[in-house]
Amino acid sequence: MTGLFDSFVRCINYLRISVTDRCNLRCIYCMPPEGISWISHSELLSYEEISAIVQIAAELGVNKIRLTGGEPLARADLPKLIEMLSQLERVEEVSLTTNGTLLKKYALELKQAGLRRVNISLDTLKADKFQKITRLGELKDALSGIEASKEAGLHPIKINMVVMKNINDDEVLDFASMTYKEELHVRFIELMPFSKVAEPVPASELRWRISRSLGMLEPCPSPPGNGPAQCYSLPGARGTIGFISPITEPFCSSCNRLRLTSYGQLCPCLLSDEGIDLRGPLRNNASAKELEHLILSVVASKPEQHKLADGIVPMKRNMSQIGG
């Protein structure tokens with residue numbers, strides 16, 4: 001058996017990298033209105049340091065990289081990092097999760113740098129509600145970002161909606177209907193218990209609502225990079241509908257990822273406070289072999305499953321620091 005496997009024989013081939021904790025929005029489930037205390041620039045991993053870590057991880061078996069934030073496009077010269085990573089041997093794909101509001105400016109440059117595809121976080125299609133949820137954003141900027149991504153040839157485009165009871169769950173059918181008109185892939189994400197802004201809506205309820213109103217959901221093949229989503233399509237739809245439900249329908253048994261924070265902590269799980277510092281050893285001239293050993297130790301520590309069902313919620317890191 002070749003590749004990188006954890007102690008539960010899950011193949012680990014995916015690394016999510018938070019390149020910054022900063023964001024141009026203040027979404028109600030992610031940050032307080034005033035934001036958080038930013039990590040100083042000197043504490044952030046440089047692009048060269050990120051590339052060095054990815055190169056070692058790729059040699060171990062990681063071949064898919066996703067850049068997140070905060071808002072990754074809030075960090076200067078992000079296309080430079082994408083170009084560096086996409087040129088590394090054994091890295092097959094570099095993708096991006098973004099709130100989309102800066103994509104109109106950067107989509108083409110990102111594509112030319114080597115970005116393959118993009119996930120755009122969008123929680124409402126109503127301008128007034130967009131301002132309430134994001135506190136700082138304009139819906140038109142996010143919609144322009146989606147159009148710019150299409151024009152740039154970033155494909156597939158996935159739309160991530162965090163569903164919140166009595167806040168935006170009345171728009172679930174509107175989002176699902178987007179998959180009829182064009183090849184957009186909508187993902188309904190269960191609200192994580194990091195804040196108390198609303199209650200989550202179980203995927204089973206969302207599937208029932210959609211099937212009752214729009215037609216029977218049929219299981220379908222996943223588009224590239226589908227990750228943990230359970231994927232379906234509506235009759236005649238061009239796109240797909242996915243459900244990511246870490247609480248009511250956990251997918252830990254098939255988890256294939258590690259997470260690297262913007263300040264160099266390598267974590268085995270989003271829903272864990274565990275992790276190992278790579279920034280310190282890297283800046284103290286650790287050898288590639290020493291860094292490889294640290295990465296392998298994180299893989300070995302990857303838990304079988306998260307502890308949300310037991311009421312254990314990680315507390316050490318803000319979501320914008322680890323890149324949900």
# chains A, B, ... in the order shown; residues from 1 in each chain; ligands from 1

call {"tool": "residues_around", "arguments": {"residues": "Cys11 in chain A", "least_positions_apart": "6", "cutoff": "12 Å", "atoms": "only C-alpha atoms", "output": "CSV table (one decimal) with C-alpha atoms, in the first residue's frame"}}
result
chain,number,residue,atom,x,y,z
A,1,MET,CA,0.0,0.0,0.0
A,2,THR,CA,1.5,3.3,-1.1
A,3,GLY,CA,0.6,6.8,-0.1
A,4,LEU,CA,-0.1,8.5,3.2
A,5,PHE,CA,-2.4,6.7,5.6
A,60,LEU,CA,4.5,11.9,1.3
A,61,GLY,CA,1.3,11.6,-0.7
A,62,VAL,CA,-0.7,14.9,-0.5
A,63,ASN,CA,-1.7,15.9,-4.0
A,253,SER,CA,-14.7,7.7,8.4
A,254,SER,CA,-13.7,9.1,5.0
A,255,CYS,CA,-11.9,12.2,6.0
A,256,ASN,CA,-8.8,12.6,3.8
A,257,ARG,CA,-7.4,16.0,5.0
A,258,LEU,CA,-5.0,17.9,7.2
A,299,VAL,CA,-1.2,12.1,10.5
A,300,ALA,CA,-0.7,9.4,13.2
A,302,LYS,CA,-5.6,12.1,13.5

call {"tool": "residues_around", "arguments": {"residues": "His41 in chain A", "least_positions_apart": "5", "cutoff": "12 Å", "atoms": "only C-alpha atoms", "output": "PyMOL selection string"}}
result
chain A and resi 19-22+46-47+75-76+262-263

call {"tool": "write_last_selection", "arguments": {"atoms": "C-alpha atoms", "output": "PDB file, in the first residue's frame"}}
result
ATOM      1  CA  VAL A  19      -3.079  31.842   4.249  1.00  0.00           C
ATOM      2  CA  THR A  20      -4.414  34.638   6.471  1.00  0.00           C
ATOM      3  CA  ASP A  21      -6.758  35.146   9.397  1.00  0.00           C
ATOM      4  CA  ARG A  22      -7.882  38.493   7.971  1.00  0.00           C
ATOM      5  CA  SER A  46       5.635  33.264   4.185  1.00  0.00           C
ATOM      6  CA  TYR A  47       4.740  31.938   0.745  1.00  0.00           C
ATOM      7  CA  ARG A  75      -3.513  38.584   1.459  1.00  0.00           C
ATOM      8  CA  ALA A  76      -1.328  40.394  -1.050  1.00  0.00           C
ATOM      9  CA  SER A 262      -1.800  30.734   8.725  1.00  0.00           C
ATOM     10  CA  TYR A 263       0.761  30.759  11.560  1.00  0.00           C
TER      11      TYR A 263
END

call {"tool": "atom_distance", "arguments": {"atom1": "CA of Glu71 in chain A", "atom2": "CA of Arg116 in chain A"}}
result
17.9 Å

call {"tool": "select_by_dssp", "arguments": {"residues": "range 178-301 of chain A", "states": "alpha helix (DSSP H)", "output": "PyMOL selection string"}}
result
chain A and resi 178-181+203-214+279-283+288-300

call {"tool": "residues_around", "arguments": {"residues": "Leu125 in chain A", "least_positions_apart": "6", "cutoff": "10 Å", "atoms": "only C-alpha atoms", "output": "ChimeraX atom specification"}}
result
/A:139-140,142-143,168,171,174-175

call {"tool": "closest_residue", "arguments": {"among": "A:Gly236, A:Gly242, A:Gly227, A:Gly100", "to": "Arg207 in chain A", "atoms": "only C-alpha atoms"}}
result
A:Gly242

call {"tool": "residues_around", "arguments": {"residues": "range 148-155 of chain A", "least_positions_apart": "4", "cutoff": "9 Å", "atoms": "only C-alpha atoms", "output": "PyMOL selection string"}}
result
chain A and resi 103-112+115-118+143-144+224

call {"tool": "closest_residue", "arguments": {"among": "A:Asp77, A:Asp123, A:Asp128, A:Glu147", "to": "Asp170 in chain A", "atoms": "only C-alpha atoms"}}
result
A:Asp123

call {"tool": "atom_distance", "arguments": {"atom1": "CA of Leu214 in chain A", "atom2": "CA of Thr124 in chain A"}}
result
18.8 Å

call {"tool": "closest_residue", "arguments": {"among": "A:Gly239, A:Gly137, A:Pro79, A:Pro219", "to": "Glu182 in chain A", "atoms": "only C-alpha atoms"}}
result
A:Gly239

call {"tool": "closest_residue", "arguments": {"among": "A:Ser213, A:Ser233, A:Ser222, A:Thr248", "to": "Ile189 in chain A", "atoms": "only C-alpha atoms"}}
result
A:Thr248

call {"tool": "closest_residue", "arguments": {"among": "A:Leu25, A:Ile210, A:Ile244, A:Leu234", "to": "Met161 in chain A", "atoms": "only C-alpha atoms"}}
result
A:Ile244
